[in-house]
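Colleague: Please find one structure pasted underneath; my questions will follow.
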Amino acid sequence: MSDQPLVPLIILLIALVIVLQILRPGIVNERWLANTVKFSIPLALLAGSQTMTMLTGGIDLSVSTVATMAAFIMASQAAAHGAPVAVLLALLPALLIGIANGIGAGVFRVHPLIMTLGTSLIGAGCLQVYQRTVIATGTRIPDLFTWLGTGVTWGIPNALALFIPVAALILFIQKRTGFGRLLYALGDNEKAARLSGAHYWQVILALYVFSSLLAGVAGLLYVGLIRAPSSLSLAEPLLLPSVAAAVVGGTSIFGGRGGYTGTIVGALILTVLTTLLTILQMPEGARRVLFGAIILLVTAVYLRITEDR
Amino acid sequence: MTTQPVLDATGVAKNYGAVAALRNASLSVLPGEVHALMGANGAGKSTLVKILTGAVRPSAGDILIRGKPLDVRSPAQARRAGLVPVYQEPALIPDLDIVSNLRLTRTPVEPFRNWVRELGVPDLDLDDLARDVPLAILRVLDLARALAVQPDVLLLDEMTAALPANLAERVLDVVRRQAAAGRSVIFISHRFVEISALCDRATVLRDGETVGVVDIEPGVEEKIVELMLGARVDRSRPVSASQVAARQPGEKPRLSVRNLSIGTKLNDVSFDLSNGEVAGVVALEGQGQDELFGALAGSIRPAGGTIEVDGRAVRFGHPADAIQAGIAYVPGDRAEALLMQRSVRENIALPFSARLRNWGPIGSQRERGAVSKAIERLQIDTRAQGEVQRLSGGNQQKVTIARWVAADARTILCFDPTRGIDVGTKQEIYKLLRELAGQGKSILFYTSELEEVRRVCDRAIVIFSGRVVDILPVEIADEAALTRASYGLPRGAAADVGILADAAQKGAGAP
Amino acid sequence: KDSYTIGISNTVQGNGWREEMVCAMKAEALASGKVTKLNIAHRNTDAAGQLEDIRNLISAGVDAIVVNPSDPSGVNAALKEATDKGIVVVAVDQGVTEPSAYVISNNQEEYGYLGAKWLFTQMGGKGDVVYMRGAAGASADSDRDKGFKKALAEFPDVKVVHEVYTGWQQDQAKQQILDFIATGTPFNGIWTSGIDNVIVDALQESQTPLVPVVGADNAGFVGQLSSVEGLQGAAVTNPGSIGGAGVTLALQILDGKKPADQTVLVEPQIWDNTTDEGKAKLKAAADPSLNPEWPVSISIPDWTTYTKEQIVACKGPAD
Amino acid sequence: MTSFIRRQSWVSGLFALLVVLFILTRIIQPGYGSGDFGSLARAALPYAFAVAAQTVVVIAGGIDLSVASLMALTSVIAASMMNSASEEYALFVVPFVLAVGFLVGALNGLLIVVTRVPDIVVTLATLFILQGAALMVLEAPGGAAAEWLKASIVGTVAIPGIPESVTAWIPKALVVLLVCLGLVWIPLKRSALGLSIYAIGSSELAAFRSGVSVARTRIAAYAIGGLFGAMGGLSLTMSTGIGAPIPGPYLLASVAAVVLGGVTLGGGKGGLVGPIVAVFILRLMRTDLTLLAIDPNVTSIVEGTVMVAVVMLGAFLAMRERRP
Ligand SMILES: Nc1ncnc2c1ncn2[C@@H]1O[C@H](COP(=O)(O)OP(=O)(O)OP(=O)(O)O)[C@@H](O)[C@H]1O
Ligand SMILES: Nc1ncnc2c1ncn2[C@@H]1O[C@H](COP(=O)(O)OP(=O)(O)OP(=O)(O)O)[C@@H](O)[C@H]1O
Ligand SMILES: [Mg+2]
Ligand SMILES: [Mg+2]
């Protein structure tokens, strides 16, 4: 028994690709596929954070800030300290923000939406202050991340070398570990989980730290892809789509339901949708209207199909 | 008998995907009668009530109200047609105070207040949030709210299941008077004493079908059981409770409670629970039993006193600590214990993953083994096992116990585990508890059905007003004695309370 | 008087250009030696939020306000309140319609025109151009569009094959151009509204033949113009140091030296890598140590007095 | 009972915090006077309406991510209709725009009810749709507002018989805010609909079984949210004199203020007073940060920290109270 039937989602994805191909014959080629996958991966990673936190009825609005921080810090430190140190330094704020989120949501029981919004404001402020100290130090993106972000081998994006293990890990955690069970359990009925011996704060703390580190890794990969190392809002545009990808993929924002496979397809759907709207030559206003309408339609149709089963 | 039925439902069916909750149910209720709706867990009683009151749309069926066909689309519409339900789950809005709850349903306040008093809750503050009101009182409020609008047909779904004896008795009284005033009541209960004391006729459901309508008369119970269970009928005698496990001399008690106190609710409570023993806890509503179980389960921190497990003093800061000490708690309200959207398997296996060191990979083989053994042992109906919320109330209840059978807990605190369970299943649970005790486990068992004490327990600990007022050996713990004790009366006082005693004297039947 | 307090209001945060602008304001305030305190309101907000900020600056009792207006007429009410109180108001980067305020601004229409004209000429006066705009609904974007359209009208054989809003977001722009490249539609040039280096990256990464690209004078793109083999391109200057010029203008007015005109326009320059003159300018301007999002034109002759060290240090008088 | 007290004490705590901030402001800037208070009220206006919109929806158990986009849309509609139109025409524009907000809100609710897609997703979708619609009305900021509308939030209210030193502290913007909110909220709170909104937020199933029409109530809650959102959009046009199609920072601000104001995300609890006070606290904090000439990059750290700290404190107090 799977938590969210994938077939209808995949059909929707294919339908979108077909529409795209009809509108712009020839666009669906190897290169386009590689691009689509490349751009879906960072989104899918951030949506992984959303999926995990949503399972407990939470949400993580700090992922985009964390990802941006990680990218910026790595790029600005790599020149001086070399890649390995830079990566460690880059993941440090991710860790700290994750811990803060976990303590706020798990110990003090602040609503995750507010908690992560707050830490994201704080993080963005810190990043602003930090960037002034490195205006003239130069930036460098380690070759590994450029290779991962932009490279394609035999038509297959190199980013998959990072993404497949990470996705497998997330899926394994969700489906096959005690921790994953507890995520669903807390999202479904916190009291019941407590009576079964689970410590809420432990699970939530671990969860938000994981979510934050995942976002940090997504940021490192993303800066390798976009190669805009000094942008202070690099991953900001991915925040709402990351929530949308998880939801379109069938994860309930109320907790207890959903899984990562759907989210991956959801991220692909959103990426294809963005392409579709870029390709359609129409006024920006109409394009946004269409984007919103399609998200709604996709989710509604998907919900209808899965409900009737 | 040519009276026209007030309510006449025929051919009612309801499918939830592949699960047929109802296949072909019919129900005909005459004016002024109390009509029992009976059936094993999952037979479809609640579903029928929901359909009759517009909470659920049927897949098929005809409903006639006073001879006229009616398509009930919403609870509001059913209400206008004179059908007012009290569902199995409380229907008050948790975050509204009681007055607002009344305003919401346009219930007149004065009649409501009178009914509440009538039903045995004298000191209700209408400004309390429903969230802060205990479950049993909530049920009473739900009923009073229904009564206050003077419904033609009152539908009570296991109204008495969560009530202590004293409140249940008042409810029966009130229902009886409703009927006397010419109104009809549909009454769902798994307690035969109540049925026989109250009802005129019974419609019996089995697997979503009406399998018979019988008049209630002395001796009809056997017939109903047969109809209810069909081939499943289980004639095993009540488990004898006399086989107290032989205790080794000098062995430390499994659980030893001394001078336990919690706020104003619990005072100086002391008792022991041995290995291999089932101890019953008997109390009226709100006498501190909730707090006692809470403290032993690690949910509430006691203000004073000690708890010893196997002779070692313990302090529980979290249910995990109690579980670590081998003490598991099965709450009375199954909604508190279950992950409603998750599978039966995950629900049962939940304690396996709770501890930090068990957060790693799950041993699927081992887990599947443990879970299916527990399912088998409790005979859980797993047709709808993908999500626990699709199981019937009784099967849900079983899952809450199965969890701790699978986890092999040494001590189980069962808070009213047979609430809303059919007779067949009850027998199974009695047997299970005795078996567990036979394996050396110890069980603390709170029950609101006094007759259960004799069937299952080795002793009865009676609590009144936060104190242990008596500990009765099972031999003398009959219903009359327990009732007296639970009102705080000394042993041997006159038997002038309790409808159960009444019913026993009068014999079943005539209301 | 040598001890002014200056208030600053800016409504876009986290964008290299705006950061440079704020740093230029700070550096100029410090270098001038006439400013004792800066009150800076710098956050992401809209016109209503900027009204709030300006009024807060009035409450704080500043002598002058230098504002990058989020809208030419949306903050007039607060600007009027300020000038009524005798506070000098200077709008930088974009103009305002409030007549009592002074304006020193980059000419955005000219920015659009200059780059587009160079590009169309480079394309030989015909062919298909990809038009990557800024953020829909932003006034700088619509001003640049006017200039772009003006140039387009002069080259009837140039067609816009693809017009898209990048939202001034690097990631969005990159995905958009890659998507477009994947369609296989031929194109002969790309005009960008300053999100430029990722476009060149995208062309290289997808092994698409390079076409002429117009961008802004951001450090990253300027570096590419001299280092990327076969790239023809031009950077149109849009100095963020206009903020420093705004401070200078405000101080001049405070000292009683009013300019002849309410509005001072700083005209953009174009540096292309196809002429020797342009190459020389690019070479002089290139600065690989600079944050790649920063415009390399970190000073404006006659208007700013700070050194490169000062603007990079980004320290104001009280820091 | 306990949670009732808790709720009230939270609101009074917020009031106390606001007073402390006022005193602090006077210390930082001794000249801070009635005029500056008027500025504060005007600055609070769009935020307050956004928060009111969010509050109604959150109490009903939902969330409205489209509130800022709706404000942008209503603002550009108002500004473009009033562009080079007569002063009197605005008398028609105002109710028209309010009706648009109401209908768009109702549409949000309707979509949620009909599609059964969760609120957060539907309003995320309408966030884009309304943004697009705003861009279709006005490509770039522009339009105009009637003078009397702009004037209606400038200055103070003169009440005969009350000395000017007092009325100077009653800015028109504050009066407009309180009247607009009060006219909708007070009757609503007393009506059956208001009760139903709390009911569906608290427990949808119980509400349904209590005979509440859940669908209709949800649509009504969103419609009222839309009405408040339109007021917010109008207030933007009134203060800036133009309409801007790009949404301002009102979405996150509204969610933050709702929570600071003691309304639980998830529904059923809280009121409107707390969130409105929270808006004033947040605005005044911004003023103080500007007055103090704090490094602007530090201000977002301060704002974030205060937000987190206050909410944590609230959570901590609630936790202590729950203990016997
Ligand atoms: N929402 C649902 N989805 C799927 N199956 C359901 C749903 N609700 C009820 N059922 C199924 O319908 C059957 C009848 O359930 P119902 O709750 O009516 O039983 P009941 O007679 O009230 O039992 P009990 O005495 O245990 O309360 C059960 O098999 C149950 O699993
Ligand atoms: N995945 C599983 N599948 C089946 N049974 C399990 C599983 N995990 C634990 N159990 C059983 O549940 C009970 C408690 O297990 P748990 O691992 O929590 O015990 P523990 O206190 O950690 O024991 P130990 O100290 O031996 O590790 C044991 O009876 C164990 O056999
Ligand atoms: Mg039932
Ligand atoms: Mg039941």
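Simple scheme: letters A, B, ... for chains in structure tokens order, numbers from 1 for residues in each chain, numbers from 1 for ligands in the order shown.
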Could you please extract the residues within 12 Å of ligand 4, counting only C-alpha atoms and all ligand atoms, and hand them back as number ranges by chain?
Modeller: B: 37-47, 87-89, 156-162, 188-191, 333-334, 391-398, 417-423, 425
Colleague: Hey, which bits of chain A sit within 12 Å of chain B, and for each residue what's the closest pair of atoms and how far apart in Å (one decimal), counting only C-alpha atoms, rows by chain and increasing number, as JSON lines?
Modeller:
```
{"residue": "A:Met1", "atom": "CA", "partner": "B:Gly386", "partner_atom": "CA", "distance": 7.6}
{"residue": "A:Ser2", "atom": "CA", "partner": "B:Gly386", "partner_atom": "CA", "distance": 9.7}
{"residue": "A:Asp3", "atom": "CA", "partner": "B:Arg342", "partner_atom": "CA", "distance": 9.4}
{"residue": "A:Leu55", "atom": "CA", "partner": "B:Gln341", "partner_atom": "CA", "distance": 11.8}
{"residue": "A:Leu169", "atom": "CA", "partner": "B:Pro361", "partner_atom": "CA", "distance": 11.4}
{"residue": "A:Leu171", "atom": "CA", "partner": "B:Pro361", "partner_atom": "CA", "distance": 11.9}
{"residue": "A:Phe172", "atom": "CA", "partner": "B:Pro361", "partner_atom": "CA", "distance": 8.3}
{"residue": "A:Ile173", "atom": "CA", "partner": "B:Pro361", "partner_atom": "CA", "distance": 7.8}
{"residue": "A:Gln174", "atom": "CA", "partner": "B:Pro361", "partner_atom": "CA", "distance": 10.1}
{"residue": "A:Lys175", "atom": "CA", "partner": "B:Ile362", "partner_atom": "CA", "distance": 9.0}
{"residue": "A:Arg176", "atom": "CA", "partner": "B:Ile362", "partner_atom": "CA", "distance": 5.6}
{"residue": "A:Thr177", "atom": "CA", "partner": "B:Pro361", "partner_atom": "CA", "distance": 4.1}
{"residue": "A:Gly178", "atom": "CA", "partner": "B:Trp359", "partner_atom": "CA", "distance": 4.0}
{"residue": "A:Phe179", "atom": "CA", "partner": "B:Trp359", "partner_atom": "CA", "distance": 4.5}
{"residue": "A:Gly180", "atom": "CA", "partner": "B:Trp359", "partner_atom": "CA", "distance": 7.8}
{"residue": "A:Arg181", "atom": "CA", "partner": "B:Ser353", "partner_atom": "CA", "distance": 7.1}
{"residue": "A:Leu182", "atom": "CA", "partner": "B:Ala354", "partner_atom": "CA", "distance": 7.0}
{"residue": "A:Leu183", "atom": "CA", "partner": "B:Ala354", "partner_atom": "CA", "distance": 10.6}
{"residue": "A:Tyr184", "atom": "CA", "partner": "B:Arg342", "partner_atom": "CA", "distance": 8.0}
{"residue": "A:Ala185", "atom": "CA", "partner": "B:Leu339", "partner_atom": "CA", "distance": 6.3}
{"residue": "A:Leu186", "atom": "CA", "partner": "B:Leu339", "partner_atom": "CA", "distance": 8.6}
{"residue": "A:Gly187", "atom": "CA", "partner": "B:Leu339", "partner_atom": "CA", "distance": 8.8}
{"residue": "A:Asp188", "atom": "CA", "partner": "B:Leu339", "partner_atom": "CA", "distance": 5.4}
{"residue": "A:Asn189", "atom": "CA", "partner": "B:Leu339", "partner_atom": "CA", "distance": 5.5}
{"residue": "A:Glu190", "atom": "CA", "partner": "B:Leu339", "partner_atom": "CA", "distance": 8.6}
{"residue": "A:Lys191", "atom": "CA", "partner": "B:Glu336", "partner_atom": "CA", "distance": 6.1}
{"residue": "A:Ala192", "atom": "CA", "partner": "B:Ala337", "partner_atom": "CA", "distance": 4.3}
{"residue": "A:Ala193", "atom": "CA", "partner": "B:Leu350", "partner_atom": "CA", "distance": 7.4}
{"residue": "A:Arg194", "atom": "CA", "partner": "B:Pro319", "partner_atom": "CA", "distance": 6.6}
{"residue": "A:Leu195", "atom": "CA", "partner": "B:Pro319", "partner_atom": "CA", "distance": 5.6}
{"residue": "A:Ser196", "atom": "CA", "partner": "B:Pro351", "partner_atom": "CA", "distance": 4.9}
{"residue": "A:Gly197", "atom": "CA", "partner": "B:Ala320", "partner_atom": "CA", "distance": 3.8}
{"residue": "A:Ala198", "atom": "CA", "partner": "B:Ala354", "partner_atom": "CA", "distance": 4.4}
{"residue": "A:His199", "atom": "CA", "partner": "B:Ala320", "partner_atom": "CA", "distance": 7.4}
{"residue": "A:Tyr200", "atom": "CA", "partner": "B:Ala354", "partner_atom": "CA", "distance": 9.8}
{"residue": "A:Trp201", "atom": "CA", "partner": "B:Leu356", "partner_atom": "CA", "distance": 11.3}
{"residue": "A:Gln202", "atom": "CA", "partner": "B:Leu356", "partner_atom": "CA", "distance": 7.9}
{"residue": "A:Val203", "atom": "CA", "partner": "B:Leu356", "partner_atom": "CA", "distance": 8.5}
{"residue": "A:Ala206", "atom": "CA", "partner": "B:Leu356", "partner_atom": "CA", "distance": 10.4}
{"residue": "A:Leu207", "atom": "CA", "partner": "B:Trp359", "partner_atom": "CA", "distance": 11.9}
{"residue": "A:Ser252", "atom": "CA", "partner": "B:Gln341", "partner_atom": "CA", "distance": 11.3}
{"residue": "A:Phe254", "atom": "CA", "partner": "B:Gln341", "partner_atom": "CA", "distance": 11.3}
{"residue": "A:Gly255", "atom": "CA", "partner": "B:Gln341", "partner_atom": "CA", "distance": 9.7}
{"residue": "A:Gly256", "atom": "CA", "partner": "B:Gln341", "partner_atom": "CA", "distance": 6.8}
{"residue": "A:Arg257", "atom": "CA", "partner": "B:Gln341", "partner_atom": "CA", "distance": 7.4}
{"residue": "A:Gly258", "atom": "CA", "partner": "B:Gln341", "partner_atom": "CA", "distance": 10.8}
{"residue": "A:Thr306", "atom": "CA", "partner": "B:Gly17", "partner_atom": "CA", "distance": 11.3}
{"residue": "A:Glu307", "atom": "CA", "partner": "B:Gly17", "partner_atom": "CA", "distance": 9.1}
{"residue": "A:Asp308", "atom": "CA", "partner": "B:Gly17", "partner_atom": "CA", "distance": 7.4}
{"residue": "A:Arg309", "atom": "CA", "partner": "B:Gly17", "partner_atom": "CA", "distance": 6.8}
```
Colleague: Produce a file of the selected residues containing C-alpha atoms, as an mmCIF file, in the first residue's frame.
Modeller:
```cif
data_model
loop_
_atom_site.group_PDB
_atom_site.id
_atom_site.type_symbol
_atom_site.label_atom_id
_atom_site.label_comp_id
_atom_site.auth_asym_id
_atom_site.auth_seq_id
_atom_site.Cartn_x
_atom_site.Cartn_y
_atom_site.Cartn_z
ATOM 1 C CA MET A 1 0.000 0.000 0.000
ATOM 2 C CA SER A 2 1.522 3.327 -0.978
ATOM 3 C CA ASP A 3 0.625 6.601 0.608
ATOM 4 C CA LEU A 55 4.352 14.939 7.618
ATOM 5 C CA LEU A 169 17.898 8.282 1.847
ATOM 6 C CA LEU A 171 12.545 7.608 1.028
ATOM 7 C CA PHE A 172 14.287 5.083 3.216
ATOM 8 C CA ILE A 173 13.872 7.294 6.259
ATOM 9 C CA GLN A 174 10.190 7.800 5.534
ATOM 10 C CA LYS A 175 9.283 4.242 4.806
ATOM 11 C CA ARG A 176 11.733 2.016 6.592
ATOM 12 C CA THR A 177 12.958 3.638 9.757
ATOM 13 C CA GLY A 178 11.554 4.188 13.193
ATOM 14 C CA PHE A 179 12.193 7.912 12.829
ATOM 15 C CA GLY A 180 10.089 8.021 9.689
ATOM 16 C CA ARG A 181 7.278 6.199 11.430
ATOM 17 C CA LEU A 182 7.349 8.754 14.180
ATOM 18 C CA LEU A 183 7.049 11.600 11.695
ATOM 19 C CA TYR A 184 3.798 10.177 10.398
ATOM 20 C CA ALA A 185 2.702 9.365 13.920
ATOM 21 C CA LEU A 186 3.275 12.872 15.250
ATOM 22 C CA GLY A 187 1.492 14.369 12.297
ATOM 23 C CA ASP A 188 -1.454 12.084 12.776
ATOM 24 C CA ASN A 189 -1.916 12.116 16.519
ATOM 25 C CA GLU A 190 0.678 13.599 18.748
ATOM 26 C CA LYS A 191 -0.988 12.361 21.908
ATOM 27 C CA ALA A 192 -0.994 8.793 20.692
ATOM 28 C CA ALA A 193 2.672 9.015 19.794
ATOM 29 C CA ARG A 194 3.393 10.336 23.255
ATOM 30 C CA LEU A 195 1.471 7.540 24.908
ATOM 31 C CA SER A 196 3.506 5.105 22.856
ATOM 32 C CA GLY A 197 6.654 6.556 24.335
ATOM 33 C CA ALA A 198 7.827 9.021 21.704
ATOM 34 C CA HIS A 199 9.430 12.246 22.873
ATOM 35 C CA TYR A 200 7.980 15.005 20.727
ATOM 36 C CA TRP A 201 10.882 17.383 21.044
ATOM 37 C CA GLN A 202 13.470 14.795 20.103
ATOM 38 C CA VAL A 203 11.706 13.935 16.894
ATOM 39 C CA ALA A 206 16.014 15.937 14.618
ATOM 40 C CA LEU A 207 13.511 16.649 11.872
ATOM 41 C CA SER A 252 -1.024 16.736 3.305
ATOM 42 C CA PHE A 254 -2.094 18.741 8.008
ATOM 43 C CA GLY A 255 0.350 15.940 8.597
ATOM 44 C CA GLY A 256 0.255 12.184 8.647
ATOM 45 C CA ARG A 257 -0.091 11.627 4.907
ATOM 46 C CA GLY A 258 2.141 11.740 1.902
ATOM 47 C CA THR A 306 -7.058 9.390 -5.674
ATOM 48 C CA GLU A 307 -10.225 9.822 -3.644
ATOM 49 C CA ASP A 308 -12.298 7.671 -5.926
ATOM 50 C CA ARG A 309 -9.998 4.723 -5.690
#
```
Colleague: Name the residues of stretch 201-303 of chain A that come out as alpha helix (DSSP H) in a backbone DSSP run; write them as a PDB file with C-alpha atoms, in the first residue's frame.
Modeller:
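Written file, result26.pdb:
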```
ATOM      1  CA  TRP A 201      10.882  17.383  21.044  1.00  0.00           C
ATOM      2  CA  GLN A 202      13.470  14.795  20.103  1.00  0.00           C
ATOM      3  CA  VAL A 203      11.706  13.935  16.894  1.00  0.00           C
ATOM      4  CA  ILE A 204      10.975  17.533  15.962  1.00  0.00           C
ATOM      5  CA  LEU A 205      14.487  18.685  16.722  1.00  0.00           C
ATOM      6  CA  ALA A 206      16.014  15.937  14.618  1.00  0.00           C
ATOM      7  CA  LEU A 207      13.511  16.649  11.872  1.00  0.00           C
ATOM      8  CA  TYR A 208      14.201  20.363  11.555  1.00  0.00           C
ATOM      9  CA  VAL A 209      17.943  19.839  11.704  1.00  0.00           C
ATOM     10  CA  PHE A 210      17.635  17.310   8.909  1.00  0.00           C
ATOM     11  CA  SER A 211      15.378  19.604   6.939  1.00  0.00           C
ATOM     12  CA  SER A 212      17.762  22.499   7.310  1.00  0.00           C
ATOM     13  CA  LEU A 213      20.839  20.493   6.323  1.00  0.00           C
ATOM     14  CA  LEU A 214      18.977  19.209   3.302  1.00  0.00           C
ATOM     15  CA  ALA A 215      18.188  22.785   2.353  1.00  0.00           C
ATOM     16  CA  GLY A 216      21.846  23.677   2.796  1.00  0.00           C
ATOM     17  CA  VAL A 217      22.896  20.900   0.439  1.00  0.00           C
ATOM     18  CA  ALA A 218      20.248  22.048  -2.028  1.00  0.00           C
ATOM     19  CA  GLY A 219      21.742  25.527  -1.866  1.00  0.00           C
ATOM     20  CA  LEU A 220      25.243  24.236  -2.646  1.00  0.00           C
ATOM     21  CA  LEU A 221      23.951  22.336  -5.620  1.00  0.00           C
ATOM     22  CA  TYR A 222      21.846  25.248  -6.784  1.00  0.00           C
ATOM     23  CA  VAL A 223      24.682  27.729  -6.798  1.00  0.00           C
ATOM     24  CA  GLY A 224      26.626  25.244  -8.910  1.00  0.00           C
ATOM     25  CA  LEU A 225      23.726  25.263 -11.362  1.00  0.00           C
ATOM     26  CA  ILE A 226      22.929  28.969 -11.503  1.00  0.00           C
ATOM     27  CA  LEU A 239      10.246  28.855  -1.496  1.00  0.00           C
ATOM     28  CA  LEU A 240       6.641  28.896  -2.610  1.00  0.00           C
ATOM     29  CA  PRO A 241       7.259  26.353  -5.387  1.00  0.00           C
ATOM     30  CA  SER A 242       8.850  24.006  -2.837  1.00  0.00           C
ATOM     31  CA  VAL A 243       5.659  24.070  -0.819  1.00  0.00           C
ATOM     32  CA  ALA A 244       3.622  23.695  -3.989  1.00  0.00           C
ATOM     33  CA  ALA A 245       5.689  20.724  -5.177  1.00  0.00           C
ATOM     34  CA  ALA A 246       5.108  18.846  -1.950  1.00  0.00           C
ATOM     35  CA  VAL A 247       1.410  19.572  -1.979  1.00  0.00           C
ATOM     36  CA  VAL A 248       0.920  18.815  -5.663  1.00  0.00           C
ATOM     37  CA  TYR A 260       8.622  11.859  -1.154  1.00  0.00           C
ATOM     38  CA  THR A 261       8.017  10.013  -4.415  1.00  0.00           C
ATOM     39  CA  GLY A 262       4.998  12.180  -5.082  1.00  0.00           C
ATOM     40  CA  THR A 263       7.006  15.263  -4.265  1.00  0.00           C
ATOM     41  CA  ILE A 264       9.641  14.403  -6.844  1.00  0.00           C
ATOM     42  CA  VAL A 265       6.981  14.122  -9.513  1.00  0.00           C
ATOM     43  CA  GLY A 266       5.439  17.318  -8.169  1.00  0.00           C
ATOM     44  CA  ALA A 267       8.743  19.143  -8.627  1.00  0.00           C
ATOM     45  CA  LEU A 268       8.986  17.871 -12.183  1.00  0.00           C
ATOM     46  CA  ILE A 269       5.438  18.984 -12.889  1.00  0.00           C
ATOM     47  CA  LEU A 270       6.147  22.498 -11.633  1.00  0.00           C
ATOM     48  CA  THR A 271       9.341  22.743 -13.650  1.00  0.00           C
ATOM     49  CA  VAL A 272       7.622  21.631 -16.828  1.00  0.00           C
ATOM     50  CA  LEU A 273       4.815  24.032 -16.093  1.00  0.00           C
ATOM     51  CA  THR A 274       7.262  26.916 -15.780  1.00  0.00           C
ATOM     52  CA  THR A 275       8.733  25.993 -19.142  1.00  0.00           C
ATOM     53  CA  LEU A 276       5.314  25.755 -20.676  1.00  0.00           C
ATOM     54  CA  LEU A 277       4.497  29.242 -19.497  1.00  0.00           C
ATOM     55  CA  THR A 278       7.821  30.651 -20.633  1.00  0.00           C
ATOM     56  CA  ILE A 279       7.284  29.248 -24.081  1.00  0.00           C
ATOM     57  CA  GLU A 284       3.004  38.371 -18.045  1.00  0.00           C
ATOM     58  CA  GLY A 285      -0.322  38.887 -16.261  1.00  0.00           C
ATOM     59  CA  ALA A 286      -2.066  36.182 -18.230  1.00  0.00           C
ATOM     60  CA  ARG A 287       0.895  33.888 -17.687  1.00  0.00           C
ATOM     61  CA  ARG A 288       0.642  34.158 -13.918  1.00  0.00           C
ATOM     62  CA  VAL A 289      -3.095  33.649 -14.036  1.00  0.00           C
ATOM     63  CA  LEU A 290      -2.524  30.499 -16.021  1.00  0.00           C
ATOM     64  CA  PHE A 291       0.207  29.251 -13.679  1.00  0.00           C
ATOM     65  CA  GLY A 292      -2.073  29.599 -10.663  1.00  0.00           C
ATOM     66  CA  ALA A 293      -5.018  28.064 -12.438  1.00  0.00           C
ATOM     67  CA  ILE A 294      -3.013  25.050 -13.571  1.00  0.00           C
ATOM     68  CA  ILE A 295      -1.602  24.369 -10.085  1.00  0.00           C
ATOM     69  CA  LEU A 296      -5.110  24.427  -8.737  1.00  0.00           C
ATOM     70  CA  LEU A 297      -6.450  22.271 -11.506  1.00  0.00           C
ATOM     71  CA  VAL A 298      -3.678  19.692 -11.179  1.00  0.00           C
ATOM     72  CA  THR A 299      -4.163  19.365  -7.437  1.00  0.00           C
ATOM     73  CA  ALA A 300      -7.923  19.196  -7.732  1.00  0.00           C
ATOM     74  CA  VAL A 301      -7.891  16.581 -10.459  1.00  0.00           C
ATOM     75  CA  TYR A 302      -5.292  14.545  -8.630  1.00  0.00           C
ATOM     76  CA  LEU A 303      -7.283  14.684  -5.432  1.00  0.00           C
TER      77      LEU A 303
END
```
Colleague: Using only C-alpha atoms, select each residue of chain D with any atom at most 10 Å away from an atom of chain B, and give the selection as an NGL selection string.
Modeller: :D and (1-4 or 191-196 or 198-213 or 267-270 or 323-324)
Colleague: Would you please work out which residue, of A:Ala79, A:Leu162, A:Ile253, A:Met54, is nearest to chain C when using only C-alpha atoms?
Modeller: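 Looking only at the distances to chain C, the closest residue turns out to be A:Ala79.
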Colleague: Which residues are close to C:Gly184, i.e. within 12 Å by only C-alpha atoms, leaving aside same-chain residues fewer than 5 positions away? Reply as number ranges by chain.
Modeller: A: 24-32, 279; C: 161, 177-179, 206, 208-209
Colleague: So which residues touch C:Gly189 within 10 Å, counting only C-alpha atoms, skipping near sequence neighbours fewer than 5 positions away, as a list in words?
Modeller: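 The contact residues come out as Ala116, Leu119, Phe120, Gln122, Met123, Gly127, Asp128, Val129, Val130, Tyr131, Val158, Val160, Leu210, Val211, Pro212, Val213, Val214, Gln232 and Gly233 of chain C.
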Colleague: As a list in words, please: every residue in stretch 29-174 of chain A that DSSP puts in strand (DSSP E).
Modeller: Val152, Thr153, Ile156 and Pro157 of chain A
